[in-house]
>>> print(open('entry-v4.cif').read())   # mmCIF, N, CA and C atoms
data_upload
loop_
_atom_site.group_PDB
_atom_site.id
_atom_site.type_symbol
_atom_site.label_atom_id
_atom_site.label_comp_id
_atom_site.auth_asym_id
_atom_site.auth_seq_id
_atom_site.Cartn_x
_atom_site.Cartn_y
_atom_site.Cartn_z
ATOM 1 N N ALA A 1 88.780 126.954 -81.893
ATOM 2 C CA ALA A 1 88.826 128.345 -81.479
ATOM 3 C C ALA A 1 88.425 128.502 -80.007
ATOM 4 N N HIS A 2 87.430 127.701 -79.559
ATOM 5 C CA HIS A 2 86.992 127.768 -78.162
ATOM 6 C C HIS A 2 88.129 127.411 -77.210
ATOM 7 N N ALA A 3 88.954 126.448 -77.599
ATOM 8 C CA ALA A 3 90.009 125.971 -76.701
ATOM 9 C C ALA A 3 91.208 126.918 -76.632
ATOM 10 N N ARG A 4 91.370 127.790 -77.599
ATOM 11 C CA ARG A 4 92.568 128.649 -77.662
ATOM 12 C C ARG A 4 92.807 129.448 -76.373
ATOM 13 N N PRO A 5 91.791 130.169 -75.826
ATOM 14 C CA PRO A 5 92.036 130.895 -74.573
ATOM 15 C C PRO A 5 92.341 129.955 -73.404
ATOM 16 N N LEU A 6 91.784 128.752 -73.449
ATOM 17 C CA LEU A 6 92.056 127.773 -72.390
ATOM 18 C C LEU A 6 93.503 127.284 -72.478
ATOM 19 N N VAL A 7 93.958 127.054 -73.706
ATOM 20 C CA VAL A 7 95.351 126.633 -73.906
ATOM 21 C C VAL A 7 96.287 127.740 -73.428
ATOM 22 N N ARG A 8 95.983 128.972 -73.782
ATOM 23 C CA ARG A 8 96.808 130.112 -73.361
ATOM 24 C C ARG A 8 96.850 130.191 -71.826
ATOM 25 N N ALA A 9 95.693 130.048 -71.166
ATOM 26 C CA ALA A 9 95.632 130.100 -69.700
ATOM 27 C C ALA A 9 96.445 128.961 -69.088
ATOM 28 N N CYS A 10 96.342 127.783 -69.673
ATOM 29 C CA CYS A 10 97.100 126.630 -69.176
ATOM 30 C C CYS A 10 98.597 126.876 -69.347
ATOM 31 N N LEU A 11 98.996 127.354 -70.507
ATOM 32 C CA LEU A 11 100.412 127.657 -70.743
ATOM 33 C C LEU A 11 100.945 128.663 -69.731
ATOM 34 N N GLU A 12 100.186 129.724 -69.521
ATOM 35 C CA GLU A 12 100.626 130.753 -68.574
ATOM 36 C C GLU A 12 100.764 130.171 -67.166
ATOM 37 N N GLY A 13 99.811 129.334 -66.774
ATOM 38 C CA GLY A 13 99.878 128.717 -65.453
ATOM 39 C C GLY A 13 101.051 127.764 -65.307
ATOM 40 N N VAL A 14 101.283 126.953 -66.317
ATOM 41 C CA VAL A 14 102.386 125.988 -66.277
ATOM 42 C C VAL A 14 103.725 126.712 -66.292
ATOM 43 N N ARG A 15 103.811 127.824 -67.000
ATOM 44 C CA ARG A 15 105.061 128.589 -67.047
ATOM 45 C C ARG A 15 105.465 129.080 -65.660
ATOM 46 N N GLY A 16 104.506 129.225 -64.751
ATOM 47 C CA GLY A 16 104.806 129.678 -63.395
ATOM 48 C C GLY A 16 105.208 128.563 -62.449
ATOM 49 N N LEU A 17 105.272 127.339 -62.959
ATOM 50 C CA LEU A 17 105.636 126.187 -62.125
ATOM 51 C C LEU A 17 107.083 125.782 -62.387
ATOM 52 N N PRO A 18 107.690 125.083 -61.441
ATOM 53 C CA PRO A 18 109.073 124.636 -61.638
ATOM 54 C C PRO A 18 109.146 123.393 -62.540
ATOM 55 N N VAL A 19 108.817 123.599 -63.819
ATOM 56 C CA VAL A 19 108.846 122.535 -64.818
ATOM 57 C C VAL A 19 109.569 123.061 -66.055
ATOM 58 N N GLU A 20 109.953 122.144 -66.916
ATOM 59 C CA GLU A 20 110.538 122.527 -68.207
ATOM 60 C C GLU A 20 109.423 122.478 -69.251
ATOM 61 N N LEU A 21 108.987 123.624 -69.693
ATOM 62 C CA LEU A 21 107.917 123.700 -70.683
ATOM 63 C C LEU A 21 108.456 123.257 -72.035
ATOM 64 N N LEU A 22 107.742 122.344 -72.697
ATOM 65 C CA LEU A 22 108.161 121.826 -74.001
ATOM 66 C C LEU A 22 107.337 122.418 -75.139
ATOM 67 N N THR A 23 106.178 122.941 -74.827
ATOM 68 C CA THR A 23 105.268 123.490 -75.829
ATOM 69 C C THR A 23 105.705 124.897 -76.230
ATOM 70 N N PRO A 24 105.739 125.187 -77.529
ATOM 71 C CA PRO A 24 106.023 126.563 -77.955
ATOM 72 C C PRO A 24 104.933 127.504 -77.446
ATOM 73 N N VAL A 25 105.316 128.711 -77.062
ATOM 74 C CA VAL A 25 104.348 129.644 -76.483
ATOM 75 C C VAL A 25 103.861 130.705 -77.469
ATOM 76 N N ASP A 26 104.466 130.780 -78.652
ATOM 77 C CA ASP A 26 104.031 131.804 -79.603
ATOM 78 C C ASP A 26 102.692 131.405 -80.233
ATOM 79 N N ASP A 27 101.872 132.398 -80.519
ATOM 80 C CA ASP A 27 100.527 132.162 -81.040
ATOM 81 C C ASP A 27 100.509 131.368 -82.336
ATOM 82 N N GLU A 28 101.529 131.535 -83.151
ATOM 83 C CA GLU A 28 101.589 130.843 -84.437
ATOM 84 C C GLU A 28 101.605 129.321 -84.270
ATOM 85 N N HIS A 29 102.207 128.838 -83.193
ATOM 86 C CA HIS A 29 102.330 127.395 -82.966
ATOM 87 C C HIS A 29 101.394 126.876 -81.879
ATOM 88 N N LEU A 30 100.476 127.698 -81.429
ATOM 89 C CA LEU A 30 99.562 127.309 -80.356
ATOM 90 C C LEU A 30 98.619 126.202 -80.839
ATOM 91 N N ALA A 31 98.546 125.131 -80.067
ATOM 92 C CA ALA A 31 97.648 124.008 -80.392
ATOM 93 C C ALA A 31 96.976 123.578 -79.091
ATOM 94 N N GLY A 32 96.225 122.523 -79.128
ATOM 95 C CA GLY A 32 95.488 122.066 -77.959
ATOM 96 C C GLY A 32 96.295 121.226 -76.989
ATOM 97 N N ILE A 33 97.611 121.235 -77.124
ATOM 98 C CA ILE A 33 98.482 120.407 -76.292
ATOM 99 C C ILE A 33 99.438 121.302 -75.503
ATOM 100 N N VAL A 34 99.561 121.010 -74.215
ATOM 101 C CA VAL A 34 100.572 121.658 -73.377
ATOM 102 C C VAL A 34 101.421 120.538 -72.794
ATOM 103 N N ALA A 35 102.704 120.548 -73.130
ATOM 104 C CA ALA A 35 103.606 119.485 -72.677
ATOM 105 C C ALA A 35 104.742 120.090 -71.859
ATOM 106 N N PHE A 36 105.145 119.328 -70.833
ATOM 107 C CA PHE A 36 106.231 119.799 -69.980
ATOM 108 C C PHE A 36 106.916 118.609 -69.340
ATOM 109 N N ARG A 37 108.093 118.868 -68.785
ATOM 110 C CA ARG A 37 108.919 117.818 -68.188
ATOM 111 C C ARG A 37 109.164 118.167 -66.725
ATOM 112 N N HIS A 38 109.199 117.135 -65.899
ATOM 113 C CA HIS A 38 109.535 117.288 -64.484
ATOM 114 C C HIS A 38 110.212 115.989 -64.030
ATOM 115 N N PRO A 39 111.227 116.076 -63.172
ATOM 116 C CA PRO A 39 111.923 114.860 -62.729
ATOM 117 C C PRO A 39 110.998 113.842 -62.048
ATOM 118 N N LYS A 40 109.913 114.304 -61.449
ATOM 119 C CA LYS A 40 108.992 113.398 -60.764
ATOM 120 C C LYS A 40 107.654 113.312 -61.510
ATOM 121 N N ALA A 41 107.731 113.251 -62.831
ATOM 122 C CA ALA A 41 106.532 113.249 -63.680
ATOM 123 C C ALA A 41 105.571 112.114 -63.330
ATOM 124 N N GLU A 42 106.094 110.927 -63.075
ATOM 125 C CA GLU A 42 105.212 109.782 -62.783
ATOM 126 C C GLU A 42 104.444 110.004 -61.483
ATOM 127 N N ALA A 43 105.099 110.533 -60.466
ATOM 128 C CA ALA A 43 104.429 110.799 -59.188
ATOM 129 C C ALA A 43 103.382 111.904 -59.353
ATOM 130 N N ILE A 44 103.699 112.910 -60.145
ATOM 131 C CA ILE A 44 102.725 113.975 -60.417
ATOM 132 C C ILE A 44 101.524 113.397 -61.150
ATOM 133 N N HIS A 45 101.783 112.547 -62.129
ATOM 134 C CA HIS A 45 100.701 111.904 -62.888
ATOM 135 C C HIS A 45 99.794 111.107 -61.951
ATOM 136 N N ARG A 46 100.388 110.329 -61.056
ATOM 137 C CA ARG A 46 99.594 109.549 -60.092
ATOM 138 C C ARG A 46 98.751 110.461 -59.208
ATOM 139 N N TYR A 47 99.352 111.530 -58.712
ATOM 140 C CA TYR A 47 98.662 112.484 -57.844
ATOM 141 C C TYR A 47 97.435 113.049 -58.560
ATOM 142 N N LEU A 48 97.612 113.457 -59.800
ATOM 143 C CA LEU A 48 96.499 114.015 -60.569
ATOM 144 C C LEU A 48 95.438 112.951 -60.848
ATOM 145 N N HIS A 49 95.885 111.762 -61.241
ATOM 146 C CA HIS A 49 94.948 110.675 -61.553
ATOM 147 C C HIS A 49 94.082 110.332 -60.338
ATOM 148 N N GLU A 50 94.677 110.321 -59.159
ATOM 149 C CA GLU A 50 93.928 110.044 -57.927
ATOM 150 C C GLU A 50 92.849 111.094 -57.677
ATOM 151 N N ARG A 51 93.004 112.259 -58.282
ATOM 152 C CA ARG A 51 92.027 113.348 -58.135
ATOM 153 C C ARG A 51 91.141 113.483 -59.380
ATOM 154 N N ASN A 52 91.129 112.408 -60.184
ATOM 155 C CA ASN A 52 90.299 112.328 -61.388
ATOM 156 C C ASN A 52 90.657 113.401 -62.418
ATOM 157 N N ILE A 53 91.940 113.729 -62.488
ATOM 158 C CA ILE A 53 92.454 114.628 -63.523
ATOM 159 C C ILE A 53 93.347 113.764 -64.409
ATOM 160 N N HIS A 54 92.943 113.628 -65.664
ATOM 161 C CA HIS A 54 93.613 112.679 -66.556
ATOM 162 C C HIS A 54 94.430 113.405 -67.618
ATOM 163 N N ILE A 55 95.745 113.249 -67.506
ATOM 164 C CA ILE A 55 96.673 113.749 -68.512
ATOM 165 C C ILE A 55 97.588 112.585 -68.882
ATOM 166 N N MET A 56 98.365 112.761 -69.922
ATOM 167 C CA MET A 56 99.279 111.707 -70.354
ATOM 168 C C MET A 56 100.632 111.872 -69.681
ATOM 169 N N ALA A 57 101.272 110.748 -69.404
ATOM 170 C CA ALA A 57 102.634 110.758 -68.868
ATOM 171 C C ALA A 57 103.443 109.712 -69.618
ATOM 172 N N HIS A 58 104.629 110.114 -70.066
ATOM 173 C CA HIS A 58 105.499 109.181 -70.778
ATOM 174 C C HIS A 58 106.927 109.726 -70.768
ATOM 175 N N ALA A 59 107.857 108.890 -70.367
ATOM 176 C CA ALA A 59 109.293 109.204 -70.432
ATOM 177 C C ALA A 59 109.642 110.531 -69.756
ATOM 178 N N GLY A 60 109.050 110.776 -68.590
ATOM 179 C CA GLY A 60 109.366 111.989 -67.847
ATOM 180 C C GLY A 60 108.640 113.232 -68.324
ATOM 181 N N ARG A 61 107.769 113.054 -69.305
ATOM 182 C CA ARG A 61 107.004 114.183 -69.844
ATOM 183 C C ARG A 61 105.539 114.046 -69.454
ATOM 184 N N LEU A 62 104.904 115.184 -69.250
ATOM 185 C CA LEU A 62 103.462 115.236 -68.986
ATOM 186 C C LEU A 62 102.821 116.028 -70.114
ATOM 187 N N ARG A 63 101.644 115.578 -70.548
ATOM 188 C CA ARG A 63 100.987 116.237 -71.674
ATOM 189 C C ARG A 63 99.513 116.449 -71.360
ATOM 190 N N VAL A 64 99.085 117.685 -71.463
ATOM 191 C CA VAL A 64 97.697 118.067 -71.235
ATOM 192 C C VAL A 64 97.068 118.312 -72.600
ATOM 193 N N ALA A 65 95.951 117.650 -72.885
ATOM 194 C CA ALA A 65 95.219 117.861 -74.134
ATOM 195 C C ALA A 65 93.944 118.624 -73.803
ATOM 196 N N ILE A 66 93.797 119.796 -74.394
ATOM 197 C CA ILE A 66 92.648 120.657 -74.119
ATOM 198 C C ILE A 66 91.732 120.629 -75.334
ATOM 199 N N HIS A 67 90.462 120.348 -75.081
ATOM 200 C CA HIS A 67 89.474 120.195 -76.159
ATOM 201 C C HIS A 67 88.315 121.162 -75.958
ATOM 202 N N GLY A 68 87.415 121.168 -76.908
ATOM 203 C CA GLY A 68 86.264 122.055 -76.881
ATOM 204 C C GLY A 68 85.341 121.847 -75.702
ATOM 205 N N TYR A 69 85.346 120.653 -75.122
ATOM 206 C CA TYR A 69 84.461 120.382 -73.977
ATOM 207 C C TYR A 69 85.064 120.842 -72.658
ATOM 208 N N ASN A 70 86.336 121.235 -72.646
ATOM 209 C CA ASN A 70 86.950 121.738 -71.418
ATOM 210 C C ASN A 70 86.490 123.158 -71.138
ATOM 211 N N THR A 71 86.544 123.528 -69.857
ATOM 212 C CA THR A 71 86.118 124.862 -69.427
ATOM 213 C C THR A 71 87.261 125.551 -68.688
ATOM 214 N N ALA A 72 87.079 126.837 -68.444
ATOM 215 C CA ALA A 72 88.074 127.588 -67.663
ATOM 216 C C ALA A 72 88.211 126.982 -66.272
ATOM 217 N N LYS A 73 87.116 126.495 -65.726
ATOM 218 C CA LYS A 73 87.154 125.873 -64.401
ATOM 219 C C LYS A 73 88.023 124.601 -64.417
ATOM 220 N N ASP A 74 87.952 123.843 -65.521
ATOM 221 C CA ASP A 74 88.812 122.661 -65.656
ATOM 222 C C ASP A 74 90.284 123.052 -65.607
ATOM 223 N N ILE A 75 90.632 124.124 -66.296
ATOM 224 C CA ILE A 75 92.030 124.569 -66.333
ATOM 225 C C ILE A 75 92.464 125.060 -64.957
ATOM 226 N N GLU A 76 91.601 125.803 -64.280
ATOM 227 C CA GLU A 76 91.911 126.272 -62.920
ATOM 228 C C GLU A 76 92.136 125.088 -61.987
ATOM 229 N N ARG A 77 91.284 124.081 -62.095
ATOM 230 C CA ARG A 77 91.405 122.887 -61.245
ATOM 231 C C ARG A 77 92.715 122.145 -61.543
ATOM 232 N N LEU A 78 93.026 122.003 -62.824
ATOM 233 C CA LEU A 78 94.273 121.352 -63.223
ATOM 234 C C LEU A 78 95.482 122.095 -62.657
ATOM 235 N N LEU A 79 95.527 123.403 -62.858
ATOM 236 C CA LEU A 79 96.682 124.181 -62.405
ATOM 237 C C LEU A 79 96.827 124.149 -60.888
ATOM 238 N N SER A 80 95.720 124.204 -60.186
ATOM 239 C CA SER A 80 95.753 124.122 -58.726
ATOM 240 C C SER A 80 96.296 122.765 -58.285
ATOM 241 N N ALA A 81 95.805 121.703 -58.907
ATOM 242 C CA ALA A 81 96.253 120.350 -58.554
ATOM 243 C C ALA A 81 97.717 120.139 -58.940
ATOM 244 N N LEU A 82 98.138 120.693 -60.060
ATOM 245 C CA LEU A 82 99.549 120.589 -60.457
ATOM 246 C C LEU A 82 100.448 121.255 -59.423
ATOM 247 N N HIS A 83 100.038 122.427 -58.978
ATOM 248 C CA HIS A 83 100.806 123.145 -57.950
ATOM 249 C C HIS A 83 100.902 122.293 -56.678
ATOM 250 N N GLU A 84 99.778 121.726 -56.256
ATOM 251 C CA GLU A 84 99.778 120.851 -55.084
ATOM 252 C C GLU A 84 100.664 119.636 -55.299
ATOM 253 N N ALA A 85 100.533 119.004 -56.464
ATOM 254 C CA ALA A 85 101.292 117.795 -56.752
ATOM 255 C C ALA A 85 102.791 118.065 -56.683
ATOM 256 N N ILE A 86 103.219 119.148 -57.301
ATOM 257 C CA ILE A 86 104.652 119.476 -57.324
ATOM 258 C C ILE A 86 105.149 119.762 -55.908
ATOM 259 N N SER A 87 104.306 120.327 -55.083
ATOM 260 C CA SER A 87 104.679 120.618 -53.693
ATOM 261 C C SER A 87 104.758 119.364 -52.838
ATOM 262 N N HIS A 88 104.031 118.302 -53.234
ATOM 263 C CA HIS A 88 103.940 117.098 -52.397
ATOM 264 C C HIS A 88 104.796 115.910 -52.866
ATOM 265 N N VAL A 89 105.311 115.968 -54.079
ATOM 266 C CA VAL A 89 106.079 114.806 -54.569
ATOM 267 C C VAL A 89 107.558 114.946 -54.284
#
>>> encode(input="entry-v4.cif", output="structure tokens")
Amino acid sequence: AHARPLVRACLEGVRGLPVELLTPVDDEHLAGIVAFRHPKAEAIHRYLHERNIHIMAHAGRLRVAIHGYNTAKDIERLLSALHEAISHV
């Protein structure tokens, strides 16, 4: 339950980026995972990893797992870094 608003915030932020969102956005299917696709997924993954932001990357897809220990600040940092990464790759 704690992660739900964080997942919603992450989804809303990712929806504003030039990516293909793979995660359903309706509340009924909301889970702790936000997945999306980008042609330069590996470069974005490297950019984030270099900034100590750890998400999964596989087959052109990026996956963010949000847990109870994450905070709103973590999501803000992730979204900011994602925006930077997409602008630089």
>>> select_by_dssp(input="entry-v4.cif", residues="region 5-83 of chain A", states="alpha helix (DSSP H)", output="PDB file with N, CA and C atoms, in the frame of the given file")
ATOM      1  N   PRO A   5      91.791 130.169 -75.826  1.00  0.00           N
ATOM      2  CA  PRO A   5      92.036 130.895 -74.573  1.00  0.00           C
ATOM      3  C   PRO A   5      92.341 129.955 -73.404  1.00  0.00           C
ATOM      4  N   LEU A   6      91.784 128.752 -73.449  1.00  0.00           N
ATOM      5  CA  LEU A   6      92.056 127.773 -72.390  1.00  0.00           C
ATOM      6  C   LEU A   6      93.503 127.284 -72.478  1.00  0.00           C
ATOM      7  N   VAL A   7      93.958 127.054 -73.706  1.00  0.00           N
ATOM      8  CA  VAL A   7      95.351 126.633 -73.906  1.00  0.00           C
ATOM      9  C   VAL A   7      96.287 127.740 -73.428  1.00  0.00           C
ATOM     10  N   ARG A   8      95.983 128.972 -73.782  1.00  0.00           N
ATOM     11  CA  ARG A   8      96.808 130.112 -73.361  1.00  0.00           C
ATOM     12  C   ARG A   8      96.850 130.191 -71.826  1.00  0.00           C
ATOM     13  N   ALA A   9      95.693 130.048 -71.166  1.00  0.00           N
ATOM     14  CA  ALA A   9      95.632 130.100 -69.700  1.00  0.00           C
ATOM     15  C   ALA A   9      96.445 128.961 -69.088  1.00  0.00           C
ATOM     16  N   CYS A  10      96.342 127.783 -69.673  1.00  0.00           N
ATOM     17  CA  CYS A  10      97.100 126.630 -69.176  1.00  0.00           C
ATOM     18  C   CYS A  10      98.597 126.876 -69.347  1.00  0.00           C
ATOM     19  N   LEU A  11      98.996 127.354 -70.507  1.00  0.00           N
ATOM     20  CA  LEU A  11     100.412 127.657 -70.743  1.00  0.00           C
ATOM     21  C   LEU A  11     100.945 128.663 -69.731  1.00  0.00           C
ATOM     22  N   GLU A  12     100.186 129.724 -69.521  1.00  0.00           N
ATOM     23  CA  GLU A  12     100.626 130.753 -68.574  1.00  0.00           C
ATOM     24  C   GLU A  12     100.764 130.171 -67.166  1.00  0.00           C
ATOM     25  N   GLY A  13      99.811 129.334 -66.774  1.00  0.00           N
ATOM     26  CA  GLY A  13      99.878 128.717 -65.453  1.00  0.00           C
ATOM     27  C   GLY A  13     101.051 127.764 -65.307  1.00  0.00           C
ATOM     28  N   VAL A  14     101.283 126.953 -66.317  1.00  0.00           N
ATOM     29  CA  VAL A  14     102.386 125.988 -66.277  1.00  0.00           C
ATOM     30  C   VAL A  14     103.725 126.712 -66.292  1.00  0.00           C
ATOM     31  N   ARG A  15     103.811 127.824 -67.000  1.00  0.00           N
ATOM     32  CA  ARG A  15     105.061 128.589 -67.047  1.00  0.00           C
ATOM     33  C   ARG A  15     105.465 129.080 -65.660  1.00  0.00           C
ATOM     34  N   ALA A  41     107.731 113.251 -62.831  1.00  0.00           N
ATOM     35  CA  ALA A  41     106.532 113.249 -63.680  1.00  0.00           C
ATOM     36  C   ALA A  41     105.571 112.114 -63.330  1.00  0.00           C
ATOM     37  N   GLU A  42     106.094 110.927 -63.075  1.00  0.00           N
ATOM     38  CA  GLU A  42     105.212 109.782 -62.783  1.00  0.00           C
ATOM     39  C   GLU A  42     104.444 110.004 -61.483  1.00  0.00           C
ATOM     40  N   ALA A  43     105.099 110.533 -60.466  1.00  0.00           N
ATOM     41  CA  ALA A  43     104.429 110.799 -59.188  1.00  0.00           C
ATOM     42  C   ALA A  43     103.382 111.904 -59.353  1.00  0.00           C
ATOM     43  N   ILE A  44     103.699 112.910 -60.145  1.00  0.00           N
ATOM     44  CA  ILE A  44     102.725 113.975 -60.417  1.00  0.00           C
ATOM     45  C   ILE A  44     101.524 113.397 -61.150  1.00  0.00           C
ATOM     46  N   HIS A  45     101.783 112.547 -62.129  1.00  0.00           N
ATOM     47  CA  HIS A  45     100.701 111.904 -62.888  1.00  0.00           C
ATOM     48  C   HIS A  45      99.794 111.107 -61.951  1.00  0.00           C
ATOM     49  N   ARG A  46     100.388 110.329 -61.056  1.00  0.00           N
ATOM     50  CA  ARG A  46      99.594 109.549 -60.092  1.00  0.00           C
ATOM     51  C   ARG A  46      98.751 110.461 -59.208  1.00  0.00           C
ATOM     52  N   TYR A  47      99.352 111.530 -58.712  1.00  0.00           N
ATOM     53  CA  TYR A  47      98.662 112.484 -57.844  1.00  0.00           C
ATOM     54  C   TYR A  47      97.435 113.049 -58.560  1.00  0.00           C
ATOM     55  N   LEU A  48      97.612 113.457 -59.800  1.00  0.00           N
ATOM     56  CA  LEU A  48      96.499 114.015 -60.569  1.00  0.00           C
ATOM     57  C   LEU A  48      95.438 112.951 -60.848  1.00  0.00           C
ATOM     58  N   HIS A  49      95.885 111.762 -61.241  1.00  0.00           N
ATOM     59  CA  HIS A  49      94.948 110.675 -61.553  1.00  0.00           C
ATOM     60  C   HIS A  49      94.082 110.332 -60.338  1.00  0.00           C
ATOM     61  N   GLU A  50      94.677 110.321 -59.159  1.00  0.00           N
ATOM     62  CA  GLU A  50      93.928 110.044 -57.927  1.00  0.00           C
ATOM     63  C   GLU A  50      92.849 111.094 -57.677  1.00  0.00           C
ATOM     64  N   ALA A  72      87.079 126.837 -68.444  1.00  0.00           N
ATOM     65  CA  ALA A  72      88.074 127.588 -67.663  1.00  0.00           C
ATOM     66  C   ALA A  72      88.211 126.982 -66.272  1.00  0.00           C
ATOM     67  N   LYS A  73      87.116 126.495 -65.726  1.00  0.00           N
ATOM     68  CA  LYS A  73      87.154 125.873 -64.401  1.00  0.00           C
ATOM     69  C   LYS A  73      88.023 124.601 -64.417  1.00  0.00           C
ATOM     70  N   ASP A  74      87.952 123.843 -65.521  1.00  0.00           N
ATOM     71  CA  ASP A  74      88.812 122.661 -65.656  1.00  0.00           C
ATOM     72  C   ASP A  74      90.284 123.052 -65.607  1.00  0.00           C
ATOM     73  N   ILE A  75      90.632 124.124 -66.296  1.00  0.00           N
ATOM     74  CA  ILE A  75      92.030 124.569 -66.333  1.00  0.00           C
ATOM     75  C   ILE A  75      92.464 125.060 -64.957  1.00  0.00           C
ATOM     76  N   GLU A  76      91.601 125.803 -64.280  1.00  0.00           N
ATOM     77  CA  GLU A  76      91.911 126.272 -62.920  1.00  0.00           C
ATOM     78  C   GLU A  76      92.136 125.088 -61.987  1.00  0.00           C
ATOM     79  N   ARG A  77      91.284 124.081 -62.095  1.00  0.00           N
ATOM     80  CA  ARG A  77      91.405 122.887 -61.245  1.00  0.00           C
ATOM     81  C   ARG A  77      92.715 122.145 -61.543  1.00  0.00           C
ATOM     82  N   LEU A  78      93.026 122.003 -62.824  1.00  0.00           N
ATOM     83  CA  LEU A  78      94.273 121.352 -63.223  1.00  0.00           C
ATOM     84  C   LEU A  78      95.482 122.095 -62.657  1.00  0.00           C
ATOM     85  N   LEU A  79      95.527 123.403 -62.858  1.00  0.00           N
ATOM     86  CA  LEU A  79      96.682 124.181 -62.405  1.00  0.00           C
ATOM     87  C   LEU A  79      96.827 124.149 -60.888  1.00  0.00           C
ATOM     88  N   SER A  80      95.720 124.204 -60.186  1.00  0.00           N
ATOM     89  CA  SER A  80      95.753 124.122 -58.726  1.00  0.00           C
ATOM     90  C   SER A  80      96.296 122.765 -58.285  1.00  0.00           C
ATOM     91  N   ALA A  81      95.805 121.703 -58.907  1.00  0.00           N
ATOM     92  CA  ALA A  81      96.253 120.350 -58.554  1.00  0.00           C
ATOM     93  C   ALA A  81      97.717 120.139 -58.940  1.00  0.00           C
ATOM     94  N   LEU A  82      98.138 120.693 -60.060  1.00  0.00           N
ATOM     95  CA  LEU A  82      99.549 120.589 -60.457  1.00  0.00           C
ATOM     96  C   LEU A  82     100.448 121.255 -59.423  1.00  0.00           C
ATOM     97  N   HIS A  83     100.038 122.427 -58.978  1.00  0.00           N
ATOM     98  CA  HIS A  83     100.806 123.145 -57.950  1.00  0.00           C
ATOM     99  C   HIS A  83     100.902 122.293 -56.678  1.00  0.00           C
TER     100      HIS A  83
END
>>> resolve_selection(input="entry-v4.cif", expression="the PyMOL selection byres ((chain A and resi 33) around 6.5)", output="PDB file with N, CA and C atoms, in the frame of the given file")
ATOM      1  N   THR A  23     106.178 122.941 -74.827  1.00  0.00           N
ATOM      2  CA  THR A  23     105.268 123.490 -75.829  1.00  0.00           C
ATOM      3  C   THR A  23     105.705 124.897 -76.230  1.00  0.00           C
ATOM      4  N   LEU A  30     100.476 127.698 -81.429  1.00  0.00           N
ATOM      5  CA  LEU A  30      99.562 127.309 -80.356  1.00  0.00           C
ATOM      6  C   LEU A  30      98.619 126.202 -80.839  1.00  0.00           C
ATOM      7  N   ALA A  31      98.546 125.131 -80.067  1.00  0.00           N
ATOM      8  CA  ALA A  31      97.648 124.008 -80.392  1.00  0.00           C
ATOM      9  C   ALA A  31      96.976 123.578 -79.091  1.00  0.00           C
ATOM     10  N   GLY A  32      96.225 122.523 -79.128  1.00  0.00           N
ATOM     11  CA  GLY A  32      95.488 122.066 -77.959  1.00  0.00           C
ATOM     12  C   GLY A  32      96.295 121.226 -76.989  1.00  0.00           C
ATOM     13  N   VAL A  34      99.561 121.010 -74.215  1.00  0.00           N
ATOM     14  CA  VAL A  34     100.572 121.658 -73.377  1.00  0.00           C
ATOM     15  C   VAL A  34     101.421 120.538 -72.794  1.00  0.00           C
ATOM     16  N   ALA A  35     102.704 120.548 -73.130  1.00  0.00           N
ATOM     17  CA  ALA A  35     103.606 119.485 -72.677  1.00  0.00           C
ATOM     18  C   ALA A  35     104.742 120.090 -71.859  1.00  0.00           C
ATOM     19  N   ARG A  63     101.644 115.578 -70.548  1.00  0.00           N
ATOM     20  CA  ARG A  63     100.987 116.237 -71.674  1.00  0.00           C
ATOM     21  C   ARG A  63      99.513 116.449 -71.360  1.00  0.00           C
ATOM     22  N   VAL A  64      99.085 117.685 -71.463  1.00  0.00           N
ATOM     23  CA  VAL A  64      97.697 118.067 -71.235  1.00  0.00           C
ATOM     24  C   VAL A  64      97.068 118.312 -72.600  1.00  0.00           C
ATOM     25  N   ALA A  65      95.951 117.650 -72.885  1.00  0.00           N
ATOM     26  CA  ALA A  65      95.219 117.861 -74.134  1.00  0.00           C
ATOM     27  C   ALA A  65      93.944 118.624 -73.803  1.00  0.00           C
ATOM     28  N   ILE A  66      93.797 119.796 -74.394  1.00  0.00           N
ATOM     29  CA  ILE A  66      92.648 120.657 -74.119  1.00  0.00           C
ATOM     30  C   ILE A  66      91.732 120.629 -75.334  1.00  0.00           C
TER      31      ILE A  66
END
>>> select_by_dssp(input="entry-v4.cif", residues="chain A", states="strand (DSSP E or B)", output="ChimeraX atom specification")
/A:20-21,33-37,56-58,61-65
>>> resolve_selection(input="entry-v4.cif", expression="the PyMOL selection byres ((chain A and resi 69-83) around 7)", output="ChimeraX atom specification")
/A:6,9-10,13-14,48,53,66-68,84-88
>>> closest_residue(input="entry-v4.cif", among="A:Arg8, A:Arg51, A:Arg46, A:Arg61", to="Pro24 (chain A)", atoms="only C-alpha atoms")
A:Arg8
>>> resolve_selection(input="entry-v4.cif", expression="the PyMOL selection byres ((chain A and resi 21) around 6)", output="list in words")
Val19, Glu20, Leu22, Thr23, Ala35, Phe36 and Arg37 of chain A
>>> residues_around(input="entry-v4.cif", residues="Ala59 (chain A)", least_positions_apart="4", cutoff="8 Å", atoms="all atoms listed in the file", output="PDB file with N, CA and C atoms, keeping the file's coordinate frame")
ATOM      1  N   ARG A  37     108.093 118.868 -68.785  1.00  0.00           N
ATOM      2  CA  ARG A  37     108.919 117.818 -68.188  1.00  0.00           C
ATOM      3  C   ARG A  37     109.164 118.167 -66.725  1.00  0.00           C
ATOM      4  N   HIS A  38     109.199 117.135 -65.899  1.00  0.00           N
ATOM      5  CA  HIS A  38     109.535 117.288 -64.484  1.00  0.00           C
ATOM      6  C   HIS A  38     110.212 115.989 -64.030  1.00  0.00           C
ATOM      7  N   ALA A  41     107.731 113.251 -62.831  1.00  0.00           N
ATOM      8  CA  ALA A  41     106.532 113.249 -63.680  1.00  0.00           C
ATOM      9  C   ALA A  41     105.571 112.114 -63.330  1.00  0.00           C
ATOM     10  N   GLU A  42     106.094 110.927 -63.075  1.00  0.00           N
ATOM     11  CA  GLU A  42     105.212 109.782 -62.783  1.00  0.00           C
ATOM     12  C   GLU A  42     104.444 110.004 -61.483  1.00  0.00           C
TER      13      GLU A  42
END
>>> atom_distance(input="entry-v4.cif", atom1="CA of Ala43 (chain A)", atom2="atom N of Arg4 (chain A)")
28.3 Å
>>> closest_residue(input="entry-v4.cif", among="A:Val7, A:Glu28, A:Val89, A:Leu17", to="Lys40 (chain A)", atoms="all atoms listed in the file")
A:Val89
